[in-house]
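Written below as C-alpha coordinates is the structure these notes are about.
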Amino acid sequence: MIVSNIAAPMLGLVDTAIIGHLPNSIYLSAVALGAMVVSFIYLLAVFLRMTTTAEMAAAFGADDRRAQRSITYHALIIALLLGGVIIALRPWLTEFAWWLIEPQANLLTLASDYIEIRLWAAPAALINLVILGVLLARQRARQAMFLVIFTNAVNVIADIIFIIGLDLNVAGAAYASVLAEISTAMLGLWLIRQQLPRRSELRLEQAHLTRFIGMNRDVFIRSLALQLCMATMTGYAVAFGTVVVAANAVLMQFLMLISLGLDGVAYAVEALVGAARGKQSRQLERHWMRLTLIWSLLFACCYSLIFWWAGDWIIAQITDLTDVRAVAQQFLPWLYLLPLLAHWSYFYDGVYIGLGWTTGMRNTMLFSALFGFVPVVLLSQMLLTEKNANHGLWLALVCFLSTRGLSQWWLLRRRLLS
(Lines give C-alpha, C1' and ligand atoms only; values in the text may rest on other atoms or scores of the structure.)
Protein backbone atom coordinates (compact mmCIF):
# COMPACT_ATOMS: atom_id res chain seq x y z
CA MET A 1 0.00 0.00 0.00
CA ILE A 2 2.93 2.35 0.59
CA VAL A 3 4.15 1.62 -2.94
CA SER A 4 0.68 2.26 -4.37
CA ASN A 5 0.43 5.56 -2.48
CA ILE A 6 3.75 6.64 -3.98
CA ALA A 7 2.81 5.39 -7.47
CA ALA A 8 -0.36 7.47 -7.65
CA PRO A 9 1.20 10.97 -7.32
CA MET A 10 4.32 10.00 -9.30
CA LEU A 11 2.33 8.79 -12.29
CA GLY A 12 -0.03 11.73 -11.85
CA LEU A 13 2.89 14.07 -12.50
CA VAL A 14 2.87 12.88 -16.11
CA ASP A 15 -0.77 14.00 -16.41
CA THR A 16 0.19 17.49 -15.20
CA ALA A 17 3.29 17.58 -17.39
CA ILE A 18 1.32 16.78 -20.55
CA ILE A 19 -1.36 19.41 -20.02
CA GLY A 20 1.27 21.81 -18.66
CA HIS A 21 3.17 21.83 -21.95
CA LEU A 22 0.22 23.14 -23.95
CA PRO A 23 0.69 26.68 -25.30
CA ASN A 24 -1.76 28.37 -22.89
CA SER A 25 -1.50 28.12 -19.09
CA ILE A 26 -5.29 28.39 -18.77
CA TYR A 27 -5.58 24.71 -19.72
CA LEU A 28 -3.43 23.66 -16.77
CA SER A 29 -5.34 25.98 -14.44
CA ALA A 30 -8.69 24.62 -15.62
CA VAL A 31 -7.63 21.00 -15.14
CA ALA A 32 -6.15 21.74 -11.70
CA LEU A 33 -9.29 23.58 -10.58
CA GLY A 34 -11.68 21.00 -12.02
CA ALA A 35 -9.70 18.09 -10.59
CA MET A 36 -9.76 19.75 -7.16
CA VAL A 37 -13.58 19.94 -7.22
CA VAL A 38 -13.97 16.35 -8.43
CA SER A 39 -11.43 15.06 -5.90
CA PHE A 40 -13.26 16.83 -3.08
CA ILE A 41 -16.55 15.16 -4.08
CA TYR A 42 -14.95 11.73 -4.29
CA LEU A 43 -12.99 12.31 -1.08
CA LEU A 44 -16.25 12.80 0.81
CA ALA A 45 -17.31 9.39 -0.54
CA VAL A 46 -14.23 7.65 0.88
CA PHE A 47 -16.55 6.21 3.54
CA LEU A 48 -17.40 3.50 1.00
CA ARG A 49 -13.81 2.24 1.09
CA MET A 50 -13.53 2.44 4.87
CA THR A 51 -16.82 0.79 5.79
CA THR A 52 -16.36 -1.93 3.18
CA THR A 53 -12.93 -2.69 4.66
CA ALA A 54 -14.36 -2.78 8.19
CA GLU A 55 -17.17 -5.21 7.44
CA MET A 56 -15.30 -7.34 4.93
CA ALA A 57 -12.25 -7.78 7.19
CA ALA A 58 -14.45 -9.20 9.97
CA ALA A 59 -16.20 -11.55 7.54
CA PHE A 60 -12.82 -12.58 6.12
CA GLY A 61 -11.48 -13.30 9.63
CA ALA A 62 -14.55 -15.38 10.38
CA ASP A 63 -14.18 -17.17 7.00
CA ASP A 64 -17.85 -16.40 6.25
CA ARG A 65 -18.05 -16.53 2.44
CA ARG A 66 -21.74 -15.71 2.29
CA ALA A 67 -21.29 -12.61 4.46
CA GLN A 68 -18.43 -11.47 2.22
CA ARG A 69 -20.63 -11.69 -0.87
CA SER A 70 -23.47 -9.91 0.93
CA ILE A 71 -21.19 -7.07 2.05
CA THR A 72 -19.82 -6.64 -1.48
CA TYR A 73 -23.33 -6.61 -2.96
CA HIS A 74 -24.69 -4.00 -0.53
CA ALA A 75 -21.61 -1.80 -0.95
CA LEU A 76 -21.87 -1.93 -4.75
CA ILE A 77 -25.58 -1.06 -4.61
CA ILE A 78 -24.82 2.02 -2.47
CA ALA A 79 -21.97 3.00 -4.83
CA LEU A 80 -24.22 2.77 -7.89
CA LEU A 81 -27.05 4.72 -6.24
CA LEU A 82 -24.74 7.43 -4.94
CA GLY A 83 -22.97 7.59 -8.30
CA GLY A 84 -26.33 8.08 -10.00
CA VAL A 85 -27.18 10.90 -7.59
CA ILE A 86 -23.86 12.63 -8.35
CA ILE A 87 -24.55 12.39 -12.10
CA ALA A 88 -28.04 13.84 -11.62
CA LEU A 89 -26.69 16.70 -9.47
CA ARG A 90 -23.78 17.55 -11.78
CA PRO A 91 -25.00 21.04 -12.79
CA TRP A 92 -25.84 22.05 -9.20
CA LEU A 93 -22.59 20.67 -7.79
CA THR A 94 -20.65 22.69 -10.36
CA GLU A 95 -22.63 25.88 -9.66
CA PHE A 96 -22.09 25.45 -5.91
CA ALA A 97 -18.35 25.01 -6.41
CA TRP A 98 -18.12 28.22 -8.45
CA TRP A 99 -20.22 30.06 -5.88
CA LEU A 100 -17.55 29.18 -3.30
CA ILE A 101 -14.46 29.71 -5.47
CA GLU A 102 -15.55 32.45 -7.95
CA PRO A 103 -13.03 31.79 -10.75
CA GLN A 104 -12.51 34.00 -13.80
CA ALA A 105 -15.08 33.62 -16.59
CA ASN A 106 -12.77 32.04 -19.18
CA LEU A 107 -11.42 29.60 -16.58
CA LEU A 108 -14.92 28.79 -15.35
CA THR A 109 -16.09 27.52 -18.75
CA LEU A 110 -13.17 25.14 -19.28
CA ALA A 111 -13.20 23.86 -15.70
CA SER A 112 -16.98 23.33 -15.84
CA ASP A 113 -16.61 21.20 -18.96
CA TYR A 114 -13.91 19.16 -17.21
CA ILE A 115 -16.06 18.56 -14.10
CA GLU A 116 -19.20 17.62 -16.03
CA ILE A 117 -17.29 15.07 -18.12
CA ARG A 118 -15.47 13.61 -15.10
CA LEU A 119 -18.62 13.18 -13.03
CA TRP A 120 -20.18 10.90 -15.66
CA ALA A 121 -17.76 8.28 -14.30
CA ALA A 122 -18.94 8.76 -10.70
CA PRO A 123 -20.49 5.25 -10.41
CA ALA A 124 -17.25 3.67 -11.64
CA ALA A 125 -15.13 5.84 -9.31
CA LEU A 126 -17.26 4.85 -6.29
CA ILE A 127 -17.22 1.18 -7.32
CA ASN A 128 -13.42 1.43 -7.31
CA LEU A 129 -13.56 2.56 -3.67
CA VAL A 130 -15.60 -0.54 -2.82
CA ILE A 131 -13.21 -2.80 -4.74
CA LEU A 132 -10.23 -1.28 -2.93
CA GLY A 133 -11.98 -1.88 0.39
CA VAL A 134 -12.63 -5.53 -0.48
CA LEU A 135 -9.02 -6.14 -1.55
CA LEU A 136 -7.57 -4.44 1.53
CA ALA A 137 -9.87 -6.30 3.90
CA ARG A 138 -8.91 -9.63 2.35
CA GLN A 139 -5.22 -8.63 2.70
CA ARG A 140 -4.66 -8.66 -1.08
CA ALA A 141 -2.51 -5.51 -1.00
CA ARG A 142 -0.52 -6.42 -4.12
CA GLN A 143 -3.68 -6.49 -6.22
CA ALA A 144 -4.75 -3.17 -4.69
CA MET A 145 -1.35 -1.74 -5.60
CA PHE A 146 -1.68 -3.11 -9.14
CA LEU A 147 -5.11 -1.46 -9.53
CA VAL A 148 -3.76 1.97 -8.48
CA ILE A 149 -0.86 1.68 -10.91
CA PHE A 150 -3.20 0.42 -13.65
CA THR A 151 -5.54 3.41 -13.16
CA ASN A 152 -2.74 5.92 -13.52
CA ALA A 153 -1.10 4.08 -16.42
CA VAL A 154 -4.37 4.07 -18.41
CA ASN A 155 -4.84 7.74 -17.55
CA VAL A 156 -1.36 8.65 -18.82
CA ILE A 157 -1.75 6.71 -22.10
CA ALA A 158 -5.22 8.16 -22.66
CA ASP A 159 -3.86 11.67 -21.93
CA ILE A 160 -1.28 11.26 -24.68
CA ILE A 161 -3.93 10.05 -27.13
CA PHE A 162 -6.67 12.57 -26.31
CA ILE A 163 -4.61 15.67 -25.47
CA ILE A 164 -1.67 15.37 -27.84
CA GLY A 165 -3.03 13.05 -30.55
CA LEU A 166 -6.62 14.36 -30.82
CA ASP A 167 -5.90 17.91 -29.53
CA LEU A 168 -8.85 17.81 -27.07
CA ASN A 169 -7.02 19.85 -24.38
CA VAL A 170 -9.04 20.08 -21.12
CA ALA A 171 -11.83 17.81 -22.37
CA GLY A 172 -9.19 15.26 -23.35
CA ALA A 173 -7.80 15.19 -19.81
CA ALA A 174 -11.33 14.61 -18.47
CA TYR A 175 -12.07 11.82 -20.97
CA ALA A 176 -8.76 10.17 -20.07
CA SER A 177 -9.74 10.08 -16.39
CA VAL A 178 -13.20 8.72 -17.22
CA LEU A 179 -11.66 5.94 -19.32
CA ALA A 180 -9.19 5.12 -16.51
CA GLU A 181 -11.93 4.94 -13.86
CA ILE A 182 -14.25 2.75 -15.97
CA SER A 183 -11.39 0.44 -17.03
CA THR A 184 -10.28 0.06 -13.42
CA ALA A 185 -13.82 -0.75 -12.28
CA MET A 186 -14.10 -3.50 -14.89
CA LEU A 187 -10.72 -4.99 -13.97
CA GLY A 188 -11.44 -4.65 -10.26
CA LEU A 189 -14.79 -6.44 -10.50
CA TRP A 190 -13.01 -9.29 -12.24
CA LEU A 191 -10.40 -9.43 -9.46
CA ILE A 192 -13.10 -9.71 -6.76
CA ARG A 193 -15.37 -11.98 -8.80
CA GLN A 194 -15.31 -14.63 -6.04
CA GLN A 195 -16.84 -12.06 -3.64
CA LEU A 196 -19.64 -11.06 -6.02
CA PRO A 197 -23.08 -12.44 -5.04
CA ARG A 198 -24.59 -15.44 -6.74
CA ARG A 199 -27.88 -15.03 -8.55
CA SER A 200 -29.80 -16.55 -5.64
CA GLU A 201 -28.22 -14.01 -3.26
CA LEU A 202 -29.29 -10.87 -5.16
CA ARG A 203 -31.53 -9.46 -2.46
CA LEU A 204 -31.23 -6.57 -0.05
CA GLU A 205 -31.14 -7.41 3.65
CA GLN A 206 -32.65 -4.54 5.60
CA ALA A 207 -30.72 -5.12 8.85
CA HIS A 208 -27.39 -5.30 7.08
CA LEU A 209 -28.18 -2.35 4.81
CA THR A 210 -29.28 -0.22 7.79
CA ARG A 211 -26.02 -0.95 9.66
CA PHE A 212 -23.96 -0.29 6.54
CA ILE A 213 -25.68 3.03 5.83
CA GLY A 214 -25.22 4.03 9.48
CA MET A 215 -21.48 3.32 9.29
CA ASN A 216 -21.24 5.25 6.02
CA ARG A 217 -23.03 8.20 7.63
CA ASP A 218 -20.58 8.23 10.55
CA VAL A 219 -17.48 8.16 8.32
CA PHE A 220 -18.99 10.80 6.00
CA ILE A 221 -19.52 13.17 8.95
CA ARG A 222 -15.97 12.44 10.12
CA SER A 223 -14.53 13.17 6.65
CA LEU A 224 -16.61 16.33 6.25
CA ALA A 225 -15.43 17.69 9.61
CA LEU A 226 -11.81 16.97 8.66
CA GLN A 227 -12.14 18.70 5.28
CA LEU A 228 -13.86 21.71 6.84
CA CYS A 229 -10.98 22.13 9.30
CA MET A 230 -8.45 22.03 6.46
CA ALA A 231 -10.56 24.46 4.40
CA THR A 232 -10.87 26.81 7.39
CA MET A 233 -7.10 26.88 7.76
CA THR A 234 -6.72 27.87 4.10
CA GLY A 235 -9.58 30.36 4.31
CA TYR A 236 -8.08 32.23 7.25
CA ALA A 237 -4.66 32.29 5.58
CA VAL A 238 -6.13 34.29 2.66
CA ALA A 239 -6.30 37.34 4.92
CA PHE A 240 -2.51 37.19 5.38
CA GLY A 241 -1.75 37.64 1.68
CA THR A 242 -1.01 35.45 -1.33
CA VAL A 243 2.59 34.74 -0.28
CA VAL A 244 1.46 33.21 3.04
CA VAL A 245 -1.26 31.20 1.26
CA ALA A 246 1.32 29.88 -1.19
CA ALA A 247 3.78 29.08 1.62
CA ASN A 248 1.09 27.18 3.55
CA ALA A 249 0.21 25.29 0.36
CA VAL A 250 3.86 24.28 0.00
CA LEU A 251 4.01 23.09 3.62
CA MET A 252 0.75 21.17 3.18
CA GLN A 253 2.61 19.02 0.66
CA PHE A 254 4.59 17.73 3.64
CA LEU A 255 1.31 16.28 4.94
CA MET A 256 0.93 14.45 1.63
CA LEU A 257 4.41 13.00 2.10
CA ILE A 258 3.45 11.90 5.62
CA SER A 259 0.33 10.15 4.33
CA LEU A 260 2.35 8.08 1.85
CA GLY A 261 3.79 6.04 4.71
CA LEU A 262 1.22 6.38 7.48
CA ASP A 263 -1.73 5.50 5.21
CA GLY A 264 -0.01 2.26 4.31
CA VAL A 265 0.30 1.37 8.00
CA ALA A 266 -3.31 2.43 8.65
CA TYR A 267 -4.60 0.17 5.85
CA ALA A 268 -2.68 -2.74 7.39
CA VAL A 269 -4.21 -1.96 10.81
CA GLU A 270 -7.72 -1.99 9.30
CA ALA A 271 -7.28 -5.36 7.66
CA LEU A 272 -5.41 -7.13 10.47
CA VAL A 273 -7.49 -5.84 13.38
CA GLY A 274 -10.69 -6.40 11.37
CA ALA A 275 -9.73 -10.03 10.68
CA ALA A 276 -8.96 -10.51 14.39
CA ARG A 277 -12.41 -9.11 15.21
CA GLY A 278 -13.95 -11.64 12.83
CA LYS A 279 -12.10 -14.40 14.70
CA GLN A 280 -13.44 -12.91 17.97
CA SER A 281 -9.94 -12.81 19.42
CA ARG A 282 -9.25 -9.86 21.73
CA GLN A 283 -5.71 -11.14 22.21
CA LEU A 284 -5.04 -11.07 18.46
CA GLU A 285 -6.56 -7.58 18.18
CA ARG A 286 -4.16 -6.29 20.84
CA HIS A 287 -1.23 -8.08 19.19
CA TRP A 288 -1.80 -6.34 15.84
CA MET A 289 -2.41 -2.99 17.55
CA ARG A 290 0.92 -3.19 19.39
CA LEU A 291 2.88 -4.32 16.33
CA THR A 292 1.42 -1.77 13.89
CA LEU A 293 1.79 1.02 16.47
CA ILE A 294 5.54 0.34 16.51
CA TRP A 295 5.65 0.69 12.72
CA SER A 296 3.54 3.86 12.81
CA LEU A 297 5.81 5.44 15.43
CA LEU A 298 8.90 4.41 13.44
CA PHE A 299 7.58 6.13 10.31
CA ALA A 300 6.68 9.25 12.33
CA CYS A 301 10.20 9.52 13.78
CA CYS A 302 11.74 9.06 10.33
CA TYR A 303 9.54 11.80 8.86
CA SER A 304 10.43 14.24 11.65
CA LEU A 305 14.14 13.60 11.14
CA ILE A 306 13.85 13.96 7.36
CA PHE A 307 11.92 17.23 7.64
CA TRP A 308 14.46 18.58 10.15
CA TRP A 309 17.41 17.55 8.00
CA ALA A 310 16.07 18.19 4.48
CA GLY A 311 13.02 20.45 4.96
CA ASP A 312 14.63 23.46 3.24
CA TRP A 313 15.65 21.27 0.31
CA ILE A 314 12.11 19.86 -0.04
CA ILE A 315 10.67 23.38 -0.08
CA ALA A 316 13.17 24.36 -2.79
CA GLN A 317 12.05 21.42 -4.94
CA ILE A 318 8.39 22.44 -4.67
CA THR A 319 8.86 26.14 -5.51
CA ASP A 320 11.61 28.44 -6.76
CA LEU A 321 9.80 31.64 -5.70
CA THR A 322 12.18 33.32 -3.25
CA ASP A 323 9.54 35.10 -1.14
CA VAL A 324 7.37 31.96 -0.83
CA ARG A 325 10.38 29.86 0.16
CA ALA A 326 11.42 32.41 2.81
CA VAL A 327 7.96 32.44 4.40
CA ALA A 328 7.63 28.64 4.24
CA GLN A 329 10.95 28.27 6.06
CA GLN A 330 9.63 30.44 8.91
CA PHE A 331 6.86 27.94 9.60
CA LEU A 332 8.83 24.78 8.77
CA PRO A 333 9.57 23.95 12.47
CA TRP A 334 5.89 23.06 12.90
CA LEU A 335 6.49 20.21 10.44
CA TYR A 336 9.21 18.74 12.65
CA LEU A 337 6.53 18.15 15.29
CA LEU A 338 3.61 17.28 13.05
CA PRO A 339 4.46 13.63 12.15
CA LEU A 340 4.88 12.70 15.83
CA LEU A 341 1.36 14.00 16.51
CA ALA A 342 -0.35 13.06 13.25
CA HIS A 343 0.61 9.38 13.27
CA TRP A 344 -1.66 8.71 16.27
CA SER A 345 -4.79 9.79 14.40
CA TYR A 346 -3.78 7.78 11.30
CA PHE A 347 -3.13 4.73 13.48
CA TYR A 348 -6.31 5.01 15.55
CA ASP A 349 -8.42 5.60 12.43
CA GLY A 350 -7.16 2.24 11.21
CA VAL A 351 -7.95 0.62 14.58
CA TYR A 352 -11.46 2.08 14.72
CA ILE A 353 -12.21 0.97 11.15
CA GLY A 354 -10.86 -2.50 11.91
CA LEU A 355 -13.11 -2.73 14.97
CA GLY A 356 -16.06 -1.41 12.95
CA TRP A 357 -16.45 1.38 15.50
CA THR A 358 -17.35 4.23 13.20
CA THR A 359 -19.49 5.98 15.83
CA GLY A 360 -16.43 6.47 18.05
CA MET A 361 -14.45 7.62 15.02
CA ARG A 362 -17.11 10.23 14.22
CA ASN A 363 -17.50 11.45 17.80
CA THR A 364 -13.77 11.91 18.44
CA MET A 365 -13.43 13.84 15.17
CA LEU A 366 -16.30 16.19 16.06
CA PHE A 367 -14.93 16.65 19.58
CA SER A 368 -11.45 17.45 18.25
CA ALA A 369 -12.78 19.90 15.67
CA LEU A 370 -15.02 21.74 18.12
CA PHE A 371 -12.68 21.80 21.13
CA GLY A 372 -9.21 21.29 19.68
CA PHE A 373 -9.29 23.28 16.44
CA VAL A 374 -12.01 25.96 16.41
CA PRO A 375 -11.19 27.62 19.78
CA VAL A 376 -7.46 27.79 19.00
CA VAL A 377 -8.11 29.31 15.56
CA LEU A 378 -10.44 31.96 16.98
CA LEU A 379 -8.27 32.83 19.99
CA SER A 380 -5.05 32.93 18.01
CA GLN A 381 -6.52 35.29 15.44
CA MET A 382 -7.79 37.55 18.23
CA LEU A 383 -4.64 37.57 20.38
CA LEU A 384 -1.74 37.28 17.92
CA THR A 385 -0.39 40.11 15.81
CA GLU A 386 -0.81 40.00 12.03
CA LYS A 387 2.86 39.04 11.69
CA ASN A 388 2.43 35.95 13.90
CA ALA A 389 -1.20 35.08 13.07
CA ASN A 390 -0.22 32.28 10.69
CA HIS A 391 1.59 30.58 13.58
CA GLY A 392 -1.84 30.46 15.21
CA LEU A 393 -3.20 28.42 12.31
CA TRP A 394 -0.39 25.88 12.58
CA LEU A 395 -0.87 25.77 16.36
CA ALA A 396 -4.57 25.05 15.74
CA LEU A 397 -3.64 22.16 13.42
CA VAL A 398 -1.23 20.75 16.02
CA CYS A 399 -3.89 21.03 18.76
CA PHE A 400 -6.45 19.41 16.46
CA LEU A 401 -4.21 16.42 15.76
CA SER A 402 -3.23 16.11 19.43
CA THR A 403 -6.85 16.21 20.57
CA ARG A 404 -7.77 13.57 18.00
CA GLY A 405 -5.06 11.19 19.14
CA LEU A 406 -5.80 11.68 22.85
CA SER A 407 -9.59 11.36 22.51
CA GLN A 408 -9.28 8.27 20.32
CA TRP A 409 -6.84 6.69 22.80
CA TRP A 410 -9.12 7.46 25.77
CA LEU A 411 -12.26 6.13 24.10
CA LEU A 412 -10.51 3.00 22.84
CA ARG A 413 -9.04 2.32 26.28
CA ARG A 414 -12.51 2.53 27.82
CA ARG A 415 -13.82 0.06 25.24
CA LEU A 416 -10.99 -2.44 25.68
CA LEU A 417 -11.29 -2.35 29.48
CA SER A 418 -15.07 -2.75 29.45
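Going through the C-alpha coordinates in order, the chains are called A, B, and so on, while each chain numbers its residues from 1 and the ligands are numbered from 1 in the order shown.
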Point to revise | Selection: 9 Å around Glu205 in chain A, only C-alpha atoms, excl. self and same-chain fewer than 3 positions, as a list in words | key: Ser70, His74, His208, Leu209 and Thr210 of chain A
Write out the residues from the selection above, keeping N, CA, C and O atoms, as a short mmCIF file (atom, residue, chain, number, x, y, z; two decimals), in the first residue's frame.
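Below is the file part_33.cif, written as the result:
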```
data_model
loop_
_atom_site.label_atom_id
_atom_site.label_comp_id
_atom_site.auth_asym_id
_atom_site.auth_seq_id
_atom_site.Cartn_x
_atom_site.Cartn_y
_atom_site.Cartn_z
N SER A 70 -22.39 -10.83 0.57
CA SER A 70 -23.47 -9.91 0.93
C SER A 70 -22.94 -8.50 1.13
O SER A 70 -23.54 -7.52 0.68
N HIS A 74 -24.08 -5.20 -1.10
CA HIS A 74 -24.69 -4.00 -0.53
C HIS A 74 -23.83 -2.76 -0.79
O HIS A 74 -24.34 -1.68 -1.06
N HIS A 208 -28.78 -5.54 7.50
CA HIS A 208 -27.39 -5.30 7.08
C HIS A 208 -27.26 -3.95 6.39
O HIS A 208 -26.30 -3.21 6.63
N LEU A 209 -28.23 -3.62 5.54
CA LEU A 209 -28.18 -2.35 4.81
C LEU A 209 -28.27 -1.17 5.77
O LEU A 209 -27.56 -0.17 5.62
N THR A 210 -29.13 -1.30 6.80
CA THR A 210 -29.28 -0.22 7.79
C THR A 210 -27.97 0.01 8.54
O THR A 210 -27.54 1.15 8.74
#
```
Exercise for review: Show which residues sit within 9 Å of Arg138 in chain A, as a list of chain:residue names. Count only C-alpha atoms, and ignore same-chain residues fewer than 4 positions away.
Suggested key: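 What passes the distance filter is A:Thr53, A:Met56, A:Ala57, A:Phe60, A:Gly61, A:Gly133, A:Val134, A:Ala271, A:Ala275.
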Practice item. Would you please work out which residue, of A:Val377, A:Ala268, A:Leu305, A:Leu321, is nearest to Asp349 in chain A when using only C-alpha atoms? Key: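 Of all the options, A:Ala268 lies closest to Asp349 in chain A.
One distance worth recording is that between CA of Ala369 in chain A and CA of Leu355 in chain A, which is 22.6 Å.
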Point to revise | Proximity to Ala276 in chain A - best of A:Ile41, A:Leu393, A:Ala59, A:Ala97, only C-alpha atoms | key: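 Nearest to Ala276 in chain A: A:Ala59.
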Point to revise | Non-local contacts of Met36 in chain A (12 Å; only C-alpha atoms; under 6 positions in same chain excluded) as an NGL selection string | key: :A and (29-30 or 42-43 or 94 or 97-98 or 101 or 111-112 or 114-115 or 118)
